[in-house]
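Worksheet: one structure, shown below.
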Amino acid sequence: MTTRPATPIKLFYSYADSRKDEKLLDELEKHLSSLKHQGYISAWNKRKVVAGKEWEKEIDKHFNAARIILLLISPDFMASDYCYGFEVKRAMERHDRGEARVIPILLRPVDWHNTPFSKLQPLPGNGKPISKWRDMDEALNHVAQEIRRAIESLPTENPVVISSPEVKTEQHPPSVVTTNEKIQGLERPATAFFSYAMEDAEGVERLQLQLQVRGVRVWPDAKKPEEHYRDDKIVDSIKKADTFILCVTPGSLASARIWDIEVPTALERQKLDQDFKIIPVFRNVMLDELRLFCAAHGYDFLERAFLADKATGRKDLPTDRYFAQRSLEAALSGRIHRIGADHNRLYEPTLCLRTYTYEPPTNSLDLDLDWTEFFPSKDELPTEEVCEVILLAALDDVKKILSGKKLSNRLHIYLKAHIPAALAFGASIPAVSGFKLFIDAYVEGQSQTWSTAENAPTLEPLQRTILEQKGADHVAVMEIGIPATVASDVERNLPLLGISCKQDIRFELVDGSKKVKDSAHAFAISFQVGQELRRLYGQEGITHIHHFAAVPAALAVLIGHQINAMSAITLYHFMEKDRRYVAVCTIGKQKDTK
């Protein structure tokens, strides 16, 4: 069952008047014809201007009515003052206001980076222009499928539900595709297939959780044994996974499903793709037992992999974390290889962090950091020990592995998260790391992109109030209230938390406004907070800061980005029900993660 809009979505092609581009446009329209016939789209391009009509007014009318605008990128498009200088500007304005979705389509090779639309994920999803594909129909088919997904994700009040004739269904509003349903296609983030015996499910849950918090999706889920589908589903999932993890236990050695179906499929996949990694995880099986088993069944890869681990394994990491690091690296490498971005320094990774149920509005996601299990509700939080040992360790691993990839230093970030989690996320990728962050933000219901690539601000947007205290000389309190002040709640909670400090620094917007205006404003706010943190750490000799913030999550990431292993900074969450603060985690200091 799929959903389509009750009326066709108006689609506008922005393209250059060149023979090469028009030829590719014709081919693209052929591949989108099924969307037209099925009532998904009503497409228009300037060749449809009727003789006698004013062409500029006619183009404007259709441009302003379009909900999807396709930018057909090529050297001729970039050289066109009308396309690049006029239509791109207007398209991005409509995109930023949430009036239309702009999708760049790479027709022919050209330098399109650092353009107004470079923040958007282009099609094809691997960043390879259509003209460079060996099979152009395959490229255009991929583009058409992604446009279909984009249309289905658009908000609509009265969708039409299309069902197979033999299945009776009720008509419902369109729902977001769930994580497990999005296991196929180029939009699938780094994915690992877990091969394990059913009796080992409890131990596998812990390993899977280590991957989920690092952004790797796993299948099948050990918490849902019913996900072990029929054999052809298993084979298909292994062929589409980015890495294969085999839990070697006494139970798995006795499993016919594992050794007759799953392992042979993984080995066959590895023959076709040497970048596909098979990762064994050993539990209660000795090496001699494994040797005898492999000899009896003709498998030698497990012993080779184990010996490689033994030679290169990190002795300073706990077993689960070492496994998680190695699996994350293998899955992300597989994902990057799958979309053809290997060693592409122009490829810009995309990450999502969620502590709430959320599906990011993007068709290309590399890592999906799923922390929802540790944040069951708004006011149910993980312990400080869990934050440090599991969640902060996961962030550290993600940063290190991304740093090791030969990719762009521009990271695109989507998130829906508790403020302390967003702050910790930003702090895990500090300004000194060299990464530039581009964060999806919403201002009054409209999508914006806030970035750390802004120019250094000349004005300070925050009013700073310093309240001198008579407490511990090495401790300070920082309050940031945007849109709402946190002053009274912090003042009431400090003695309850047993906090004694030298200074209490309070930040509010200078102009008395209650919102962040745009990307430059957001960056200026975070920069000023960062300057204050450095002042406290350097001039004042502060070694511990208690941080209380009521800010948009995207701004929390920008503020966290300004933290560079300074003094210890404890982050707090506000419990609205009884109006109290609780400590969530401490960042900005070296931790023993053993």
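Numbering starts fresh at 1 for the residues of each chain in the structure tokens, the chains themselves are lettered A, B, ... in the order given, and ligands are numbered from 1 as they appear.
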Can you pull out every residue from range 201-363 of chain A that DSSP, working from the backbone, puts in alpha helix (DSSP H), and format the result as a ChimeraX atom specification? /A:201-212,231-240,250-253,256-257,263-272,287-297,301-312,319-338
Using only C-alpha atoms, which residues of range 128-157 of chain A come within 12 Å of range 360-382 of chain A, and what is the closest atom pair for each, with the distance in Å to one decimal? Give it as a Markdown table, sorted by chain and residue number.
```
| residue | atom | partner | partner_atom | distance |
| --- | --- | --- | --- | --- |
| A:His142 | CA | A:Asn363 | CA | 11.8 |
| A:Val143 | CA | A:Asn363 | CA | 11.1 |
| A:Gln145 | CA | A:Asn363 | CA | 10.6 |
| A:Glu146 | CA | A:Asn363 | CA | 7.2 |
| A:Ile147 | CA | A:Asn363 | CA | 9.4 |
| A:Arg148 | CA | A:Asn363 | CA | 10.8 |
| A:Arg149 | CA | A:Asn363 | CA | 7.9 |
| A:Ala150 | CA | A:Asn363 | CA | 7.5 |
| A:Ile151 | CA | A:Asn363 | CA | 11.3 |
| A:Glu152 | CA | A:Pro361 | CA | 11.4 |
| A:Ser153 | CA | A:Pro361 | CA | 7.9 |
| A:Leu154 | CA | A:Pro361 | CA | 9.4 |
| A:Pro155 | CA | A:Pro361 | CA | 11.3 |
```
Store the residues picked out above, limited to all heavy atoms, as a compact mmCIF listing (two decimals), in the first residue's frame.
```
# COMPACT_ATOMS: atom_id res chain seq x y z
N HIS A 142 16.66 5.68 -10.73
CA HIS A 142 16.94 6.01 -9.33
C HIS A 142 16.40 7.41 -9.00
O HIS A 142 15.76 7.62 -7.96
CB HIS A 142 18.44 5.95 -9.06
CG HIS A 142 18.86 6.65 -7.81
ND1 HIS A 142 18.40 6.29 -6.56
CD2 HIS A 142 19.67 7.72 -7.63
CE1 HIS A 142 18.93 7.10 -5.65
NE2 HIS A 142 19.69 7.98 -6.27
N VAL A 143 16.64 8.38 -9.89
CA VAL A 143 16.15 9.74 -9.68
C VAL A 143 14.62 9.75 -9.56
O VAL A 143 14.05 10.39 -8.67
CB VAL A 143 16.61 10.67 -10.81
CG1 VAL A 143 15.90 12.02 -10.74
CG2 VAL A 143 18.12 10.87 -10.75
N GLN A 145 12.62 7.32 -8.65
CA GLN A 145 12.19 6.69 -7.40
C GLN A 145 12.34 7.64 -6.21
O GLN A 145 11.48 7.70 -5.33
CB GLN A 145 12.99 5.41 -7.15
CG GLN A 145 12.65 4.28 -8.12
CD GLN A 145 13.51 3.05 -7.87
OE1 GLN A 145 14.41 3.07 -7.04
NE2 GLN A 145 13.24 1.98 -8.59
N GLU A 146 13.44 8.41 -6.21
CA GLU A 146 13.66 9.34 -5.11
C GLU A 146 12.66 10.50 -5.17
O GLU A 146 12.22 11.01 -4.13
CB GLU A 146 15.10 9.87 -5.14
CG GLU A 146 16.16 8.82 -4.85
CD GLU A 146 15.95 8.18 -3.48
OE1 GLU A 146 15.71 8.91 -2.50
OE2 GLU A 146 15.99 6.95 -3.39
N ILE A 147 12.31 10.93 -6.37
CA ILE A 147 11.30 11.98 -6.50
C ILE A 147 9.94 11.47 -6.02
O ILE A 147 9.19 12.19 -5.36
CB ILE A 147 11.23 12.49 -7.95
CG1 ILE A 147 12.52 13.26 -8.30
CG2 ILE A 147 10.01 13.38 -8.17
CD1 ILE A 147 12.62 13.67 -9.74
N ARG A 148 9.65 10.21 -6.32
CA ARG A 148 8.40 9.62 -5.81
C ARG A 148 8.39 9.66 -4.28
O ARG A 148 7.39 10.02 -3.65
CB ARG A 148 8.27 8.18 -6.30
CG ARG A 148 6.99 7.48 -5.81
CD ARG A 148 6.99 6.00 -6.16
NE ARG A 148 6.89 5.79 -7.60
CZ ARG A 148 5.74 5.68 -8.25
NH1 ARG A 148 4.59 5.77 -7.59
NH2 ARG A 148 5.73 5.47 -9.55
N ARG A 149 9.52 9.28 -3.66
CA ARG A 149 9.58 9.29 -2.19
C ARG A 149 9.42 10.72 -1.66
O ARG A 149 8.79 10.94 -0.62
CB ARG A 149 10.91 8.70 -1.71
CG ARG A 149 11.04 7.21 -1.96
CD ARG A 149 12.29 6.66 -1.29
NE ARG A 149 12.43 5.25 -1.53
CZ ARG A 149 13.18 4.73 -2.50
NH1 ARG A 149 13.86 5.54 -3.30
NH2 ARG A 149 13.26 3.42 -2.68
N ALA A 150 10.03 11.68 -2.35
CA ALA A 150 9.91 13.07 -1.92
C ALA A 150 8.45 13.53 -1.96
O ALA A 150 7.98 14.21 -1.06
CB ALA A 150 10.77 13.97 -2.79
N ILE A 151 7.74 13.13 -3.00
CA ILE A 151 6.33 13.50 -3.13
C ILE A 151 5.51 12.86 -2.02
O ILE A 151 4.67 13.50 -1.40
CB ILE A 151 5.80 13.08 -4.52
CG1 ILE A 151 6.46 13.92 -5.62
CG2 ILE A 151 4.29 13.21 -4.59
CD1 ILE A 151 6.20 13.42 -7.01
N GLU A 152 5.78 11.58 -1.74
CA GLU A 152 5.00 10.87 -0.72
C GLU A 152 5.26 11.42 0.68
O GLU A 152 4.44 11.25 1.58
CB GLU A 152 5.32 9.38 -0.76
CG GLU A 152 4.78 8.70 -2.03
CD GLU A 152 5.17 7.24 -2.12
OE1 GLU A 152 6.10 6.84 -1.39
OE2 GLU A 152 4.57 6.50 -2.92
N SER A 153 6.41 12.09 0.86
CA SER A 153 6.73 12.64 2.18
C SER A 153 6.16 14.04 2.37
O SER A 153 6.21 14.58 3.47
CB SER A 153 8.25 12.68 2.38
OG SER A 153 8.85 13.65 1.54
N LEU A 154 5.64 14.67 1.29
CA LEU A 154 5.07 16.00 1.42
C LEU A 154 3.79 15.94 2.25
O LEU A 154 3.00 15.01 2.11
CB LEU A 154 4.75 16.59 0.05
CG LEU A 154 5.94 16.99 -0.84
CD1 LEU A 154 5.44 17.45 -2.19
CD2 LEU A 154 6.76 18.08 -0.18
N PRO A 155 3.56 16.94 3.11
CA PRO A 155 2.31 16.95 3.88
C PRO A 155 1.11 17.16 2.97
O PRO A 155 1.15 17.95 2.04
CB PRO A 155 2.50 18.14 4.83
CG PRO A 155 3.50 19.02 4.15
CD PRO A 155 4.42 18.09 3.40
```
Between A:Ala100, A:Cys83, A:Lys514, A:Tyr40, which is the closest to Ile68 in chain A once you count only C-alpha atoms?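 Under the stated criterion, the closest residue is A:Ala100.
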For each of A:Cys247, A:Leu35, A:Ala266, A:Ala556, take the minimum atom-to-atom distance to Val281 in chain A, counting only C-alpha atoms, then give the residue where this is smallest.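 Closest residue, counting only C-alpha atoms: A:Cys247.
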Write out as a PyMOL selection string each polymer residue whose atoms come within 9 Å of Arg579 in chain A, counting only C-alpha atoms; drop sequence neighbours fewer than 4 positions from it. chain A and resi 489+493+574-575
Would you mind telling me which residue in A:His113, A:Lys89, A:Arg257, A:Lys239 lies nearest to Tyr196 in chain A when using only C-alpha atoms?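 Using only C-alpha atoms, the shortest distance to Tyr196 in chain A belongs to A:Arg257.
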Nearest to Lys399 in chain A, chosen from A:Lys517, A:His297, A:His95, A:Arg214, with only C-alpha atoms counted in the distances: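 Checking each candidate against Lys399 in chain A, we get A:Arg214 as the closest.
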CA of Ser80 in chain A to CA of Thr350 in chain A, straight-line distance in Å: 29.8 Å
One decimal place gives the CA of Ser42 in chain A-CA of Lys132 in chain A separation as 28.4 Å
Give me the residues within 10 Å of Ser428 in chain A as a count of residues only, counting only C-alpha atoms and dropping any in the same chain fewer than 3 places off. 23
For Phe117 in chain A, the closest of A:Lys36, A:Lys470, A:Arg90, A:Arg97 counting only C-alpha atoms is A:Arg90
CA of Ser118 in chain A to CA of Glu29 in chain A: how many Å, to one decimal?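 Result for CA of Ser118 in chain A versus CA of Glu29 in chain A: 23.8 Å, one decimal.
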With only C-alpha atoms as the atoms that count, which of A:Ile419, A:Ala324, A:Ile278, A:Val443 lies nearest to Asp96 in chain A?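 Ranking A:Ile419, A:Ala324, A:Ile278, A:Val443 by distance to Asp96 in chain A, first place goes to A:Val443.
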Exercise: His544 in chain A partners within 8 Å, only C-alpha atoms, chain neighbours under 2 positions left out, as a ChimeraX atom specification: /A:474-476,542,546,567-570
For the residues selected in the previous step, produce a file with N, CA and C atoms as a short mmCIF file (atom, residue, chain, number, x, y, z; two decimals), in the first residue's frame.
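Dumped to selection.cif:
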```cif
data_model
loop_
_atom_site.label_atom_id
_atom_site.label_comp_id
_atom_site.auth_asym_id
_atom_site.auth_seq_id
_atom_site.Cartn_x
_atom_site.Cartn_y
_atom_site.Cartn_z
N HIS A 474 36.31 27.69 42.09
CA HIS A 474 36.57 27.00 40.82
C HIS A 474 35.29 26.63 40.08
N VAL A 475 34.12 27.05 40.61
CA VAL A 475 32.84 26.65 40.03
C VAL A 475 32.08 27.88 39.51
N ALA A 476 31.44 27.73 38.36
CA ALA A 476 30.59 28.78 37.80
C ALA A 476 29.29 28.16 37.30
N ILE A 542 38.20 28.82 36.27
CA ILE A 542 37.09 27.92 36.56
C ILE A 542 37.39 26.53 36.03
N HIS A 546 28.37 24.60 35.58
CA HIS A 546 27.04 23.97 35.56
C HIS A 546 26.21 24.74 34.54
N SER A 567 36.97 23.16 30.91
CA SER A 567 36.71 22.58 32.22
C SER A 567 35.54 21.61 32.10
N ALA A 568 35.29 20.88 33.17
CA ALA A 568 34.14 19.98 33.17
C ALA A 568 32.87 20.82 33.09
N ILE A 569 31.95 20.43 32.22
CA ILE A 569 30.69 21.16 32.06
C ILE A 569 29.55 20.17 32.27
N THR A 570 28.81 20.36 33.33
CA THR A 570 27.68 19.47 33.64
C THR A 570 26.42 20.04 33.01
#
```
Residues at most 9 Å from Leu123 in chain A, counting only C-alpha atoms, excluding those fewer than 6 positions away in the same chain, as a PDB file with N, CA, C and O atoms, in the first residue's frame?
```
ATOM      1  N   ILE A 103      15.019  20.200  -5.338  1.00  0.00           N
ATOM      2  CA  ILE A 103      15.838  18.995  -5.506  1.00  0.00           C
ATOM      3  C   ILE A 103      16.820  19.230  -6.650  1.00  0.00           C
ATOM      4  O   ILE A 103      16.426  19.310  -7.817  1.00  0.00           O
ATOM      5  N   PRO A 104      18.117  19.367  -6.350  1.00  0.00           N
ATOM      6  CA  PRO A 104      19.113  19.479  -7.426  1.00  0.00           C
ATOM      7  C   PRO A 104      19.326  18.111  -8.085  1.00  0.00           C
ATOM      8  O   PRO A 104      19.434  17.094  -7.397  1.00  0.00           O
ATOM      9  N   ILE A 105      19.382  18.087  -9.402  1.00  0.00           N
ATOM     10  CA  ILE A 105      19.658  16.860 -10.157  1.00  0.00           C
ATOM     11  C   ILE A 105      20.898  17.104 -10.998  1.00  0.00           C
ATOM     12  O   ILE A 105      20.934  18.033 -11.821  1.00  0.00           O
ATOM     13  N   LEU A 106      21.921  16.314 -10.785  1.00  0.00           N
ATOM     14  CA  LEU A 106      23.205  16.504 -11.470  1.00  0.00           C
ATOM     15  C   LEU A 106      23.145  15.874 -12.857  1.00  0.00           C
ATOM     16  O   LEU A 106      23.224  14.652 -12.989  1.00  0.00           O
ATOM     17  N   PRO A 129      27.084  12.513 -11.632  1.00  0.00           N
ATOM     18  CA  PRO A 129      26.178  13.073 -12.643  1.00  0.00           C
ATOM     19  C   PRO A 129      25.607  11.996 -13.563  1.00  0.00           C
ATOM     20  O   PRO A 129      26.264  10.993 -13.868  1.00  0.00           O
ATOM     21  N   ILE A 130      24.387  12.212 -14.027  1.00  0.00           N
ATOM     22  CA  ILE A 130      23.689  11.220 -14.849  1.00  0.00           C
ATOM     23  C   ILE A 130      24.486  10.876 -16.101  1.00  0.00           C
ATOM     24  O   ILE A 130      24.550   9.708 -16.506  1.00  0.00           O
ATOM     25  N   ALA A 139      20.391   5.350 -13.795  1.00  0.00           N
ATOM     26  CA  ALA A 139      20.508   6.610 -13.049  1.00  0.00           C
ATOM     27  C   ALA A 139      19.175   7.343 -13.007  1.00  0.00           C
ATOM     28  O   ALA A 139      18.733   7.822 -11.954  1.00  0.00           O
ATOM     29  N   HIS A 142      16.662   5.675 -10.730  1.00  0.00           N
ATOM     30  CA  HIS A 142      16.936   6.011  -9.326  1.00  0.00           C
ATOM     31  C   HIS A 142      16.403   7.411  -8.999  1.00  0.00           C
ATOM     32  O   HIS A 142      15.765   7.624  -7.961  1.00  0.00           O
ATOM     33  N   VAL A 143      16.637   8.376  -9.892  1.00  0.00           N
ATOM     34  CA  VAL A 143      16.148   9.741  -9.675  1.00  0.00           C
ATOM     35  C   VAL A 143      14.622   9.748  -9.558  1.00  0.00           C
ATOM     36  O   VAL A 143      14.047  10.386  -8.674  1.00  0.00           O
ATOM     37  N   GLU A 146      13.443   8.408  -6.212  1.00  0.00           N
ATOM     38  CA  GLU A 146      13.658   9.340  -5.112  1.00  0.00           C
ATOM     39  C   GLU A 146      12.662  10.502  -5.172  1.00  0.00           C
ATOM     40  O   GLU A 146      12.216  11.006  -4.127  1.00  0.00           O
TER      41      GLU A 146
END
```
Would you give me, as a list in words, the residues in range 225-286 of chain A that DSSP reads as strand (DSSP E)? Thr243, Phe244, Ile245, Leu246, Cys247, Val248, Lys277, Ile278, Ile279, Pro280, Val281 and Phe282 of chain A
Next, the residues of the selection above should be written as a PDB file, in the first residue's frame with N, CA and C atoms.
```pdb
ATOM      1  N   THR A 243      27.413  -4.544   6.286  1.00  0.00           N
ATOM      2  CA  THR A 243      28.378  -5.422   6.944  1.00  0.00           C
ATOM      3  C   THR A 243      27.611  -6.593   7.540  1.00  0.00           C
ATOM      4  N   PHE A 244      28.307  -7.692   7.831  1.00  0.00           N
ATOM      5  CA  PHE A 244      27.694  -8.927   8.341  1.00  0.00           C
ATOM      6  C   PHE A 244      28.368  -9.260   9.658  1.00  0.00           C
ATOM      7  N   ILE A 245      27.583  -9.344  10.738  1.00  0.00           N
ATOM      8  CA  ILE A 245      28.119  -9.618  12.068  1.00  0.00           C
ATOM      9  C   ILE A 245      27.633 -10.995  12.507  1.00  0.00           C
ATOM     10  N   LEU A 246      28.568 -11.866  12.812  1.00  0.00           N
ATOM     11  CA  LEU A 246      28.247 -13.233  13.213  1.00  0.00           C
ATOM     12  C   LEU A 246      28.599 -13.441  14.676  1.00  0.00           C
ATOM     13  N   CYS A 247      27.601 -13.722  15.486  1.00  0.00           N
ATOM     14  CA  CYS A 247      27.822 -14.024  16.896  1.00  0.00           C
ATOM     15  C   CYS A 247      28.163 -15.502  17.029  1.00  0.00           C
ATOM     16  N   VAL A 248      29.408 -15.781  17.344  1.00  0.00           N
ATOM     17  CA  VAL A 248      29.889 -17.163  17.427  1.00  0.00           C
ATOM     18  C   VAL A 248      29.710 -17.655  18.861  1.00  0.00           C
ATOM     19  N   LYS A 277      32.553  -6.435   4.800  1.00  0.00           N
ATOM     20  CA  LYS A 277      33.258  -7.018   5.940  1.00  0.00           C
ATOM     21  C   LYS A 277      32.370  -8.005   6.692  1.00  0.00           C
ATOM     22  N   ILE A 278      32.983  -9.149   7.062  1.00  0.00           N
ATOM     23  CA  ILE A 278      32.350 -10.145   7.932  1.00  0.00           C
ATOM     24  C   ILE A 278      33.039 -10.067   9.290  1.00  0.00           C
ATOM     25  N   ILE A 279      32.262  -9.766  10.326  1.00  0.00           N
ATOM     26  CA  ILE A 279      32.847  -9.512  11.639  1.00  0.00           C
ATOM     27  C   ILE A 279      32.357 -10.563  12.634  1.00  0.00           C
ATOM     28  N   PRO A 280      33.247 -11.414  13.134  1.00  0.00           N
ATOM     29  CA  PRO A 280      32.839 -12.400  14.145  1.00  0.00           C
ATOM     30  C   PRO A 280      32.908 -11.821  15.547  1.00  0.00           C
ATOM     31  N   VAL A 281      31.948 -12.205  16.377  1.00  0.00           N
ATOM     32  CA  VAL A 281      31.950 -11.821  17.793  1.00  0.00           C
ATOM     33  C   VAL A 281      31.890 -13.114  18.594  1.00  0.00           C
ATOM     34  N   PHE A 282      32.881 -13.354  19.433  1.00  0.00           N
ATOM     35  CA  PHE A 282      33.006 -14.640  20.113  1.00  0.00           C
ATOM     36  C   PHE A 282      32.440 -14.603  21.526  1.00  0.00           C
TER      37      PHE A 282
END
```
